[in-house]
$ cat target-v3.cif   # mmCIF, C-alpha atoms
data_protein
#
loop_
_atom_site.label_atom_id
_atom_site.label_comp_id
_atom_site.auth_asym_id
_atom_site.auth_seq_id
_atom_site.Cartn_x
_atom_site.Cartn_y
_atom_site.Cartn_z
CA MET X 54 -3.03 -0.68 19.08
CA TYR X 55 -6.64 -0.36 17.96
CA GLY X 56 -6.13 3.30 17.07
CA MET X 57 -2.98 2.48 15.16
CA LEU X 58 -4.73 -0.26 13.15
CA PHE X 59 -7.73 1.95 12.45
CA SER X 60 -5.44 4.71 11.18
CA ILE X 61 -3.44 2.28 9.06
CA ARG X 62 -6.64 0.97 7.50
CA SER X 63 -7.86 4.38 6.51
CA PHE X 64 -4.35 5.36 5.35
CA VAL X 65 -4.15 2.28 3.14
CA SER X 66 -7.60 2.75 1.63
CA LYS X 67 -6.70 6.33 0.63
CA MET X 68 -3.20 5.52 -0.65
CA SER X 69 -4.08 2.50 -2.70
CA PRO X 70 -3.78 3.04 -6.44
CA LEU X 71 -6.30 0.28 -7.18
CA ASP X 72 -9.51 -0.90 -5.57
CA MET X 73 -8.72 -3.10 -2.60
CA LYS X 74 -10.22 -6.46 -1.80
CA ASP X 75 -8.53 -7.69 1.37
CA GLY X 76 -7.07 -4.41 2.52
CA PHE X 77 -4.17 -4.05 4.90
CA LEU X 78 -2.45 -7.40 5.47
CA ALA X 79 0.71 -6.89 7.51
CA PHE X 80 3.50 -4.51 8.37
CA GLN X 81 7.01 -5.16 9.53
CA THR X 82 9.76 -3.27 11.30
CA SER X 83 13.33 -4.34 11.91
CA ARG X 84 12.32 -6.59 14.83
CA TYR X 85 8.78 -7.86 14.39
CA LYS X 86 6.00 -8.35 11.90
CA LEU X 87 2.39 -7.61 12.68
CA HIS X 88 -0.21 -9.65 10.77
CA TYR X 89 -3.77 -8.45 10.56
CA TYR X 90 -7.05 -10.05 9.59
CA GLU X 91 -10.43 -8.42 9.83
CA THR X 92 -13.79 -10.08 9.41
CA PRO X 93 -16.80 -8.34 7.88
CA THR X 94 -18.32 -8.21 11.37
CA GLY X 95 -15.45 -6.10 12.64
CA ILE X 96 -13.58 -8.75 14.62
CA LYS X 97 -9.86 -8.14 14.19
CA VAL X 98 -7.28 -10.87 14.61
CA VAL X 99 -3.75 -9.57 15.11
CA MET X 100 -0.60 -11.62 15.47
CA ASN X 101 2.93 -10.36 16.12
CA THR X 102 5.63 -12.64 14.80
CA ASP X 103 9.25 -12.76 13.86
CA LEU X 104 10.37 -11.36 10.53
CA GLY X 105 10.86 -14.74 8.87
CA VAL X 106 7.16 -15.58 8.86
CA GLY X 107 5.39 -15.37 5.51
CA PRO X 108 1.72 -14.63 4.86
CA ILE X 109 -0.44 -16.27 7.53
CA ARG X 110 -3.85 -14.99 6.57
CA ASP X 111 -5.24 -18.52 6.57
CA VAL X 112 -3.89 -19.11 10.10
CA LEU X 113 -5.65 -15.99 11.34
CA HIS X 114 -8.79 -17.04 9.52
CA HIS X 115 -8.61 -20.42 11.22
CA ILE X 116 -8.23 -18.75 14.62
CA TYR X 117 -11.36 -16.80 13.90
CA SER X 118 -13.53 -19.48 12.33
CA ALA X 119 -12.50 -22.62 14.17
CA LEU X 120 -11.64 -21.16 17.56
CA TYR X 121 -13.35 -17.85 18.16
CA VAL X 122 -16.65 -18.63 16.45
CA GLU X 123 -16.87 -22.15 17.82
CA LEU X 124 -15.81 -21.45 21.37
CA VAL X 125 -16.84 -17.88 22.07
CA VAL X 126 -19.59 -16.84 19.71
CA LYS X 127 -21.51 -20.07 20.03
CA ASN X 128 -21.09 -20.12 23.79
CA PRO X 129 -24.22 -18.67 25.44
CA LEU X 130 -22.26 -17.83 28.56
CA CYS X 131 -19.69 -15.68 26.82
CA PRO X 132 -20.95 -12.13 26.39
CA LEU X 133 -19.88 -10.84 22.99
CA GLY X 134 -18.00 -7.61 22.82
CA GLN X 135 -16.32 -8.08 26.18
CA THR X 136 -13.00 -9.58 27.15
CA VAL X 137 -12.98 -13.29 26.51
CA GLN X 138 -12.89 -15.13 29.84
CA SER X 139 -13.33 -18.60 28.46
CA GLU X 140 -10.58 -20.86 29.71
CA LEU X 141 -11.31 -23.39 26.99
CA PHE X 142 -10.76 -20.79 24.31
CA ARG X 143 -7.50 -19.74 25.90
CA SER X 144 -6.14 -23.28 26.15
CA ARG X 145 -7.26 -24.31 22.67
CA LEU X 146 -5.75 -21.15 21.19
CA ASP X 147 -2.52 -21.78 23.06
CA SER X 148 -2.21 -25.35 21.82
CA TYR X 149 -3.08 -24.29 18.28
CA ILE X 150 -0.39 -21.61 18.26
CA ARG X 151 2.15 -24.06 19.65
CA SER X 152 1.32 -26.49 16.88
CA LEU X 153 2.03 -23.97 14.13
CA PRO X 154 5.13 -24.74 12.06
CA PHE X 155 6.69 -21.35 12.62
CA PHE X 156 6.27 -21.41 16.39
CA SER X 157 9.44 -22.36 18.26
CA ALA X 158 10.07 -21.62 21.93
CA ARG X 159 13.23 -19.55 22.06
CA ALA X 160 15.25 -18.84 25.15
CA GLY X 161 14.83 -15.35 26.57
CA MET Y 33 4.25 0.30 -13.88
CA ALA Y 34 5.68 -1.55 -10.92
CA ILE Y 35 6.51 1.53 -8.86
CA PHE Y 36 3.41 3.56 -8.04
CA SER Y 37 4.76 6.52 -6.16
CA VAL Y 38 7.63 7.95 -4.16
CA TYR Y 39 7.31 10.20 -1.12
CA VAL Y 40 10.10 11.95 0.78
CA VAL Y 41 9.18 13.02 4.30
CA ASN Y 42 11.30 15.29 6.50
CA LYS Y 43 11.94 14.68 10.17
CA ALA Y 44 8.98 16.78 11.28
CA GLY Y 45 6.60 14.72 9.16
CA GLY Y 46 6.16 17.20 6.33
CA LEU Y 47 6.17 16.06 2.73
CA ILE Y 48 9.11 17.49 0.83
CA TYR Y 49 8.94 15.57 -2.42
CA GLN Y 50 6.36 13.47 -4.16
CA LEU Y 51 6.30 11.61 -7.46
CA ASP Y 52 3.47 9.54 -8.94
CA SER Y 53 4.07 7.20 -11.79
CA TYR Y 54 1.20 4.80 -12.04
CA ALA Y 55 -1.07 4.36 -15.00
CA PRO Y 56 -4.45 6.10 -14.88
CA ARG Y 57 -6.93 4.38 -12.65
CA ALA Y 58 -9.74 2.25 -13.97
CA GLU Y 59 -12.82 4.32 -14.73
CA ALA Y 60 -16.33 3.30 -15.65
CA GLU Y 61 -18.68 5.44 -17.69
CA LYS Y 62 -22.35 4.50 -17.85
CA THR Y 63 -25.57 6.05 -18.99
CA PHE Y 64 -28.26 6.21 -16.37
CA SER Y 65 -31.95 6.91 -16.39
CA TYR Y 66 -33.97 8.38 -13.54
CA PRO Y 67 -33.91 7.36 -10.74
CA LEU Y 68 -30.22 6.69 -10.18
CA ASP Y 69 -29.77 3.31 -8.52
CA LEU Y 70 -26.60 4.33 -6.73
CA LEU Y 71 -26.56 6.26 -3.49
CA LEU Y 72 -24.23 9.25 -3.68
CA LYS Y 73 -22.91 11.28 -0.80
CA LEU Y 74 -20.84 14.39 -0.44
CA HIS Y 75 -17.53 13.81 1.26
CA ASP Y 76 -14.52 16.13 1.41
CA GLU Y 77 -15.66 18.29 -1.50
CA ARG Y 78 -16.22 15.26 -3.71
CA VAL Y 79 -19.29 13.25 -4.64
CA LEU Y 80 -18.67 9.61 -3.75
CA VAL Y 81 -20.64 6.41 -4.22
CA ALA Y 82 -21.95 5.38 -0.80
CA PHE Y 83 -23.98 2.34 -1.83
CA GLY Y 84 -24.67 0.34 -4.96
CA GLN Y 85 -21.85 -1.55 -6.67
CA ARG Y 86 -22.27 -2.67 -10.26
CA ASP Y 87 -20.37 -2.96 -13.51
CA GLY Y 88 -17.05 -1.70 -12.27
CA ILE Y 89 -18.48 1.05 -10.09
CA ARG Y 90 -17.44 0.42 -6.50
CA VAL Y 91 -18.21 2.03 -3.19
CA GLY Y 92 -15.76 4.88 -2.68
CA HIS Y 93 -15.53 5.80 -6.34
CA ALA Y 94 -16.02 9.46 -7.12
CA VAL Y 95 -18.02 11.17 -9.83
CA LEU Y 96 -15.36 12.24 -12.32
CA ALA Y 97 -17.39 13.56 -15.25
CA ILE Y 98 -20.99 14.15 -16.24
CA ASN Y 99 -21.91 13.92 -19.92
CA GLY Y 100 -18.26 13.99 -20.83
CA LYS Y 101 -17.45 17.19 -18.97
CA ASP Y 102 -15.20 16.86 -15.92
CA VAL Y 103 -16.76 17.86 -12.63
CA ASN Y 104 -15.05 20.37 -10.41
CA GLY Y 105 -15.24 18.93 -6.90
CA LYS Y 106 -18.91 18.95 -6.01
CA TYR Y 107 -19.92 21.26 -8.84
CA THR Y 108 -20.43 20.39 -12.48
CA ALA Y 109 -18.51 22.19 -15.21
CA ASP Y 110 -21.42 24.65 -15.48
CA GLY Y 111 -21.30 25.50 -11.78
CA LYS Y 112 -24.39 23.57 -10.67
CA GLU Y 113 -24.19 21.21 -7.70
CA VAL Y 114 -23.74 17.60 -8.79
CA LEU Y 115 -26.16 16.12 -6.27
CA GLU Y 116 -28.86 18.59 -7.25
CA TYR Y 117 -28.21 17.97 -10.93
CA LEU Y 118 -28.50 14.21 -10.54
CA GLY Y 119 -31.60 14.54 -8.39
CA ASN Y 120 -33.52 16.39 -11.10
CA PRO Y 121 -35.34 13.97 -13.46
CA ALA Y 122 -35.31 16.56 -16.23
CA ASN Y 123 -31.55 16.07 -16.73
CA TYR Y 124 -31.82 12.36 -17.54
CA PRO Y 125 -30.69 10.27 -19.38
CA VAL Y 126 -27.23 11.26 -18.17
CA SER Y 127 -23.84 9.71 -18.75
CA VAL Y 128 -21.68 9.68 -15.63
CA ARG Y 129 -18.09 8.60 -15.28
CA PHE Y 130 -17.00 7.04 -11.98
CA GLY Y 131 -13.52 6.17 -10.87
CA ARG Y 132 -11.13 6.05 -7.96
CA PRO Y 133 -10.54 9.66 -6.92
CA ARG Y 134 -7.03 10.98 -7.35
CA LEU Y 135 -5.32 12.32 -4.27
CA THR Y 136 -5.07 16.08 -4.10
CA SER Y 137 -1.76 17.55 -3.00
CA ASN Y 138 -3.32 18.48 0.33
CA GLU Y 139 -4.34 14.89 0.91
CA LYS Y 140 -0.85 13.72 0.04
CA LEU Y 141 0.54 16.09 2.67
CA MET Y 142 -1.86 14.71 5.25
CA LEU Y 143 -1.10 11.11 4.33
CA ALA Y 144 2.62 11.76 4.58
CA SER Y 145 2.32 13.13 8.10
CA MET Y 146 -0.07 10.33 9.00
CA PHE Y 147 2.54 7.83 7.90
CA HIS Y 148 5.17 9.70 9.89
CA SER Y 149 3.15 9.12 13.07
CA LEU Y 150 2.32 5.52 12.19
CA PHE Y 151 6.01 4.90 11.65
CA ALA Y 152 6.78 6.14 15.14
CA ILE Y 153 3.98 4.18 16.79
CA GLY Y 154 5.12 1.04 14.96
CA SER Y 155 8.43 1.20 16.78
CA GLN Y 156 6.73 1.69 20.14
CA LEU Y 157 4.30 -1.19 19.69
CA SER Y 158 7.19 -3.57 19.31
CA PRO Y 159 7.19 -6.62 21.58
CA GLU Y 160 10.99 -6.60 21.38
CA GLN Y 161 13.44 -3.93 22.34
CA GLY Y 162 15.09 -1.59 19.90
CA SER Y 163 12.72 -1.83 16.99
CA SER Y 164 12.86 0.58 14.08
CA GLY Y 165 9.71 2.10 12.63
CA ILE Y 166 7.57 0.50 9.93
CA GLU Y 167 9.87 -0.65 7.16
CA MET Y 168 7.35 -2.42 5.02
CA LEU Y 169 3.58 -2.32 4.95
CA GLU Y 170 1.80 -4.92 2.90
CA THR Y 171 -1.66 -4.90 1.38
CA ASP Y 172 -3.16 -6.90 -1.45
CA THR Y 173 -2.75 -4.14 -4.07
CA PHE Y 174 0.56 -2.53 -3.09
CA LYS Y 175 3.55 -2.76 -0.79
CA LEU Y 176 4.87 0.31 0.92
CA HIS Y 177 8.60 0.36 1.70
CA CYS Y 178 10.17 2.96 3.96
CA PHE Y 179 13.78 3.77 4.60
CA GLN Y 180 14.66 6.19 7.37
CA THR Y 181 18.06 7.82 7.23
CA LEU Y 182 20.15 8.69 10.25
CA THR Y 183 19.02 12.29 9.91
CA GLY Y 184 15.34 11.39 10.14
CA ILE Y 185 14.42 11.77 6.46
CA LYS Y 186 12.06 9.02 5.30
CA PHE Y 187 11.95 7.74 1.76
CA VAL Y 188 8.68 5.98 1.09
CA VAL Y 189 8.05 3.94 -2.05
CA LEU Y 190 4.72 2.38 -3.04
CA ALA Y 191 5.23 -0.53 -5.38
CA ASP Y 192 3.61 -3.63 -6.76
CA PRO Y 193 3.55 -6.42 -4.12
CA ARG Y 194 5.67 -8.68 -6.30
CA GLN Y 195 8.31 -6.11 -7.11
CA ALA Y 196 11.77 -6.96 -5.79
CA GLY Y 197 14.82 -4.77 -5.31
CA ILE Y 198 13.07 -1.90 -3.58
CA ASP Y 199 15.74 -1.74 -0.88
CA SER Y 200 18.38 -0.85 -3.40
CA LEU Y 201 15.99 1.60 -5.00
CA LEU Y 202 15.50 3.35 -1.66
CA ARG Y 203 19.25 3.63 -1.16
CA LYS Y 204 19.59 4.96 -4.70
CA ILE Y 205 16.92 7.58 -4.06
CA TYR Y 206 18.83 8.58 -0.94
CA GLU Y 207 21.95 8.97 -3.07
CA ILE Y 208 20.11 11.12 -5.57
CA TYR Y 209 18.62 13.20 -2.76
CA SER Y 210 22.04 13.90 -1.30
CA ASP Y 211 23.49 14.67 -4.74
CA PHE Y 212 20.79 16.97 -6.04
CA ALA Y 213 19.21 18.46 -2.93
CA LEU Y 214 21.84 18.52 -0.21
CA LYS Y 215 24.69 19.60 -2.43
CA ASN Y 216 22.59 22.37 -3.91
CA PRO Y 217 23.67 25.60 -2.16
CA PHE Y 218 20.26 27.19 -2.73
CA TYR Y 219 18.31 24.37 -1.10
CA SER Y 220 17.23 24.86 2.53
CA LEU Y 221 17.06 21.72 4.60
CA GLU Y 222 13.70 20.15 5.36
CA MET Y 223 12.00 22.34 2.77
CA PRO Y 224 10.06 21.03 -0.24
CA ILE Y 225 12.30 20.02 -3.09
CA SER Y 226 11.45 21.68 -6.36
CA GLY Y 227 11.37 19.48 -9.49
CA GLY Y 228 14.45 20.35 -11.59
CA GLY Y 229 17.44 18.23 -10.74
CA ALA Y 230 15.61 16.04 -8.24
CA GLY Y 231 12.89 15.28 -10.78
CA ALA Y 232 15.31 14.54 -13.57
CA GLY Y 233 17.49 12.34 -11.41
CA SER Y 234 14.69 10.36 -9.88
CA ASP Y 235 13.24 9.17 -13.17
CA LEU Y 236 16.32 7.06 -13.73
CA PRO Y 237 16.07 4.60 -10.82
CA LEU Y 238 12.34 4.14 -11.37
CA THR Y 239 13.01 2.34 -14.62
CA ARG Y 240 15.66 0.11 -13.12
CA PRO Y 241 13.74 -2.07 -10.67
CA SER Y 242 11.32 -3.25 -13.32
CA ARG Y 243 14.07 -5.48 -14.64
CA ALA Y 244 13.53 -9.02 -13.41
CA ARG Y 245 15.92 -10.28 -10.80
CA GLY Y 246 17.23 -13.79 -11.05
CA PRO Y 247 18.29 -15.64 -14.17
CA SER Y 248 17.68 -14.24 -17.57
CA TRP Y 249 18.58 -15.59 -20.94
CA CYS Y 250 21.54 -14.09 -22.58
CA GLY Y 251 20.81 -13.18 -26.17
CA CYS Y 252 23.74 -14.95 -27.73
CA SER Y 253 23.21 -18.14 -29.67
CA ALA Y 254 26.56 -19.83 -30.13
CA GLY Y 255 25.10 -22.83 -31.85
CA ARG Y 256 24.01 -24.31 -28.52
CA ARG Y 257 21.34 -23.38 -26.01
CA ARG Y 258 21.36 -19.89 -24.63
CA GLN Y 259 23.32 -19.25 -21.48
CA LEU Y 260 21.79 -18.30 -18.19
CA CYS Y 261 23.25 -15.29 -16.53
CA TRP Y 262 22.51 -14.26 -12.97
CA LEU Y 263 22.15 -10.68 -11.96
CA ARG Y 264 24.34 -9.71 -9.06
CA ARG Y 265 22.60 -8.56 -5.90
CA SER Y 266 24.08 -5.10 -6.02
CA LEU Y 267 23.12 -2.78 -8.84
CA PRO Y 268 24.17 -4.63 -11.97
CA PRO Y 269 26.25 -3.12 -14.75
CA PRO Y 270 24.11 -2.26 -17.74
CA ARG Y 271 25.75 -4.94 -19.85
CA ARG Y 272 27.70 -8.05 -19.13
CA LEU Y 273 30.19 -10.16 -21.01
CA CYS Y 274 28.48 -13.29 -22.26
CA SER Y 275 30.51 -16.33 -21.26
CA SER Y 276 29.97 -18.28 -24.44
CA CYS Y 277 30.43 -15.70 -27.18
CA SER Y 278 32.42 -13.08 -25.23
CA ALA Y 279 30.30 -10.33 -26.62
CA TRP Y 280 28.77 -7.55 -24.59
CA ARG Y 281 25.15 -8.39 -24.12
CA TRP Y 282 22.19 -6.79 -22.38
CA CYS Y 283 21.01 -9.02 -19.59
#
$ encode --input "target-v3.cif" --output "structure tokens"
Amino acid sequence: MYGMLFSIRSFVSKMSPLDMKDGFLAFQTSRYKLHYYETPTGIKVVMNTDLGVGPIRDVLHHIYSALYVELVVKNPLCPLGQTVQSELFRSRLDSYIRSLPFFSARAG
Amino acid sequence: MAIFSVYVVNKAGGLIYQLDSYAPRAEAEKTFSYPLDLLLKLHDERVLVAFGQRDGIRVGHAVLAINGKDVNGKYTADGKEVLEYLGNPANYPVSVRFGRPRLTSNEKLMLASMFHSLFAIGSQLSPEQGSSGIEMLETDTFKLHCFQTLTGIKFVVLADPRQAGIDSLLRKIYEIYSDFALKNPFYSLEMPISGGGAGAGSDLPLTRPSRARGPSWCGCSAGRRRQLCWLRRSLPPPRRLCSSCSAWRWC
């Protein structure tokens, strides 16, 4: 997935007819939509959703600023750049996603 | 213009038709004195700005002209190297024009095949079964729509993010492709389409989607307020009968 996103970013920066500010935001196929948010430090937040979901850039920004920065970056025991092991981060992220208006547990 | 460009890609990923229709890109021309406060670098036979944004000149912009004369890749119109020319204090003050570099036809070919692969990977990355490839790619400056036919030909349209009706435009382009290219006995499949009929036919649907969808005011004034008329979801007829004055009106 990282290679795909890196290629899409460079593809989009070449194709764009105007100067870009936020860059690549999302793409969708017939079954899912992939939302993308990148911070200036290179942290990428990716979310795969259903097709009916609109722009959720602020949701991804919240995941980064209120969850990742608070619980992982500011945690001296979490080594940056490696897989996040923090259980607190995982549970807070899970409850945040479940609280989103477009999240609904579907059967199957 | 709401539609920026159209690409047609064959099933091997090769570009067979391309049409650009956006307005010229924003350019900035400024006079500089030595030393130049922008950092320039050579990249892909072009001189690009690597560092130093100001006054409309952004990182990634290319040197388009020096002293009014267009540069030729990394060489000036006189044949000298641009970086050497701008490094020599004797040439200052100099007026340089910067702007977003236009894509060369080689780059368009590469981008088309890059998109072909991204399209395929998009279907494989799917968390659900049976996904198609990338149908729509959204950025803040443009939206890319792609329609893949059953034969593997992809029609790719770059448009303004707010532009609606691209799906019908893609189907229309497919119709034009099958009318002008496939029914042409001299056209070999999967080969680049020469301008001619394809070019003439494809100008027509590009003007159509810029009409607003949704309600529009009918031009009749039958003594009362103007009537709202709704465009149908399928391609509308060019005129419709106004319900109040029963005259043919443009909607």
$ interface_residues --input "target-v3.cif" --of "chain X" --to "chain Y" --cutoff "9 Å" --atoms "all atoms listed in the file" --output "ChimeraX atom specification"
/X:54,57,60-61,64-65,67-86,101
$ closest_residue --input "target-v3.cif" --among "Y:Ala94, Y:Val189, Y:Leu118, Y:Leu70" --to "Ser53 of chain Y" --atoms "all atoms listed in the file"
Y:Val189
$ atom_distance --input "target-v3.cif" --atom1 "atom CA of Leu74 of chain Y" --atom2 "atom CA of Gly88 of chain Y"
20.3 Å
$ residues_around --input "target-v3.cif" --residues "segment 198-202 of chain Y" --least-positions-apart "3" --cutoff "7 Å" --atoms "all atoms listed in the file" --output "JSON, numbers by chain"
{"Y": [179, 187, 205, 206, 237]}
$ resolve_selection --input "target-v3.cif" --expression "the PyMOL selection byres ((chain X and resi 137-145) around 12)" --output "ChimeraX atom specification"
/X:116-117,119-136,146-152
$ write_last_selection --input "target-v3.cif" --atoms "C-alpha atoms" --output "PDB file, keeping the file's coordinate frame"
ATOM      1  CA  ILE X 116      -8.230 -18.750  14.620  1.00  0.00           C
ATOM      2  CA  TYR X 117     -11.360 -16.800  13.900  1.00  0.00           C
ATOM      3  CA  ALA X 119     -12.500 -22.620  14.170  1.00  0.00           C
ATOM      4  CA  LEU X 120     -11.640 -21.160  17.560  1.00  0.00           C
ATOM      5  CA  TYR X 121     -13.350 -17.850  18.160  1.00  0.00           C
ATOM      6  CA  VAL X 122     -16.650 -18.630  16.450  1.00  0.00           C
ATOM      7  CA  GLU X 123     -16.870 -22.150  17.820  1.00  0.00           C
ATOM      8  CA  LEU X 124     -15.810 -21.450  21.370  1.00  0.00           C
ATOM      9  CA  VAL X 125     -16.840 -17.880  22.070  1.00  0.00           C
ATOM     10  CA  VAL X 126     -19.590 -16.840  19.710  1.00  0.00           C
ATOM     11  CA  LYS X 127     -21.510 -20.070  20.030  1.00  0.00           C
ATOM     12  CA  ASN X 128     -21.090 -20.120  23.790  1.00  0.00           C
ATOM     13  CA  PRO X 129     -24.220 -18.670  25.440  1.00  0.00           C
ATOM     14  CA  LEU X 130     -22.260 -17.830  28.560  1.00  0.00           C
ATOM     15  CA  CYS X 131     -19.690 -15.680  26.820  1.00  0.00           C
ATOM     16  CA  PRO X 132     -20.950 -12.130  26.390  1.00  0.00           C
ATOM     17  CA  LEU X 133     -19.880 -10.840  22.990  1.00  0.00           C
ATOM     18  CA  GLY X 134     -18.000  -7.610  22.820  1.00  0.00           C
ATOM     19  CA  GLN X 135     -16.320  -8.080  26.180  1.00  0.00           C
ATOM     20  CA  THR X 136     -13.000  -9.580  27.150  1.00  0.00           C
ATOM     21  CA  LEU X 146      -5.750 -21.150  21.190  1.00  0.00           C
ATOM     22  CA  ASP X 147      -2.520 -21.780  23.060  1.00  0.00           C
ATOM     23  CA  SER X 148      -2.210 -25.350  21.820  1.00  0.00           C
ATOM     24  CA  TYR X 149      -3.080 -24.290  18.280  1.00  0.00           C
ATOM     25  CA  ILE X 150      -0.390 -21.610  18.260  1.00  0.00           C
ATOM     26  CA  ARG X 151       2.150 -24.060  19.650  1.00  0.00           C
ATOM     27  CA  SER X 152       1.320 -26.490  16.880  1.00  0.00           C
TER      28      SER X 152
END
$ residues_near_point --input "target-v3.cif" --point "(-20.0, 5.3, -16.7)" --cutoff "6 Å" --atoms "only C-alpha atoms" --output "PyMOL selection string"
chain Y and resi 60-62+128-130
$ closest_residue --input "target-v3.cif" --among "X:Pro93, X:His88, X:Phe155, X:Tyr55" --to "Gly105 of chain X" --atoms "only C-alpha atoms"
X:Phe155
$ resolve_selection --input "target-v3.cif" --expression "the PyMOL selection byres ((chain Y and resi 225) around 7)" --output "list of chain:residue names"
Y:Ile48, Y:Tyr49, Y:Met223, Y:Pro224, Y:Ser226, Y:Gly227
$ atom_distance --input "target-v3.cif" --atom1 "atom CA of Asn120 of chain Y" --atom2 "atom CA of Ala97 of chain Y"
16.9 Å
$ resolve_selection --input "target-v3.cif" --expression "the PyMOL selection byres ((chain Y and resi 73) around 10)" --output "ChimeraX atom specification"
/Y:70-72,74-76,78-83,92,94,115
$ closest_residue --input "target-v3.cif" --among "Y:Asn138, Y:Asn99, Y:Asn123, Y:Ser145" --to "Val188 of chain Y" --atoms "all atoms listed in the file"
Y:Ser145
$ atom_distance --input "target-v3.cif" --atom1 "atom CA of Glu59 of chain Y" --atom2 "atom CA of Gln195 of chain Y"
24.8 Å
$ build_atoms --input "target-v3.cif" --residues "segment 63-74 of chain X" --atoms "N, CA and C atoms" --output "tab-separated table (two decimals), keeping the file's coordinate frame"
chain	number	residue	atom	x	y	z
X	63	SER	N	-7.36	3.26	7.30
X	63	SER	CA	-7.86	4.38	6.51
X	63	SER	C	-6.74	4.95	5.64
X	64	PHE	N	-5.50	4.91	6.13
X	64	PHE	CA	-4.35	5.36	5.35
X	64	PHE	C	-4.21	4.51	4.08
X	65	VAL	N	-4.35	3.20	4.26
X	65	VAL	CA	-4.15	2.28	3.14
X	65	VAL	C	-5.27	2.43	2.12
X	66	SER	N	-6.50	2.64	2.59
X	66	SER	CA	-7.60	2.75	1.63
X	66	SER	C	-7.46	4.03	0.82
X	67	LYS	N	-6.87	5.10	1.40
X	67	LYS	CA	-6.70	6.33	0.63
X	67	LYS	C	-5.51	6.21	-0.33
X	68	MET	N	-4.44	5.57	0.15
X	68	MET	CA	-3.20	5.52	-0.65
X	68	MET	C	-3.28	4.58	-1.82
X	69	SER	N	-4.16	3.58	-1.73
X	69	SER	CA	-4.08	2.50	-2.70
X	69	SER	C	-4.38	2.97	-4.11
X	70	PRO	N	-3.52	2.60	-5.07
X	70	PRO	CA	-3.78	3.04	-6.44
X	70	PRO	C	-4.90	2.26	-7.11
X	71	LEU	N	-5.25	1.09	-6.57
X	71	LEU	CA	-6.30	0.28	-7.18
X	71	LEU	C	-7.34	-0.04	-6.12
X	72	ASP	N	-8.48	-0.54	-6.55
X	72	ASP	CA	-9.51	-0.90	-5.57
X	72	ASP	C	-9.04	-2.10	-4.76
X	73	MET	N	-9.26	-2.05	-3.45
X	73	MET	CA	-8.72	-3.10	-2.60
X	73	MET	C	-9.76	-4.16	-2.30
X	74	LYS	N	-9.29	-5.38	-2.13
X	74	LYS	CA	-10.22	-6.46	-1.80
X	74	LYS	C	-10.02	-6.89	-0.34
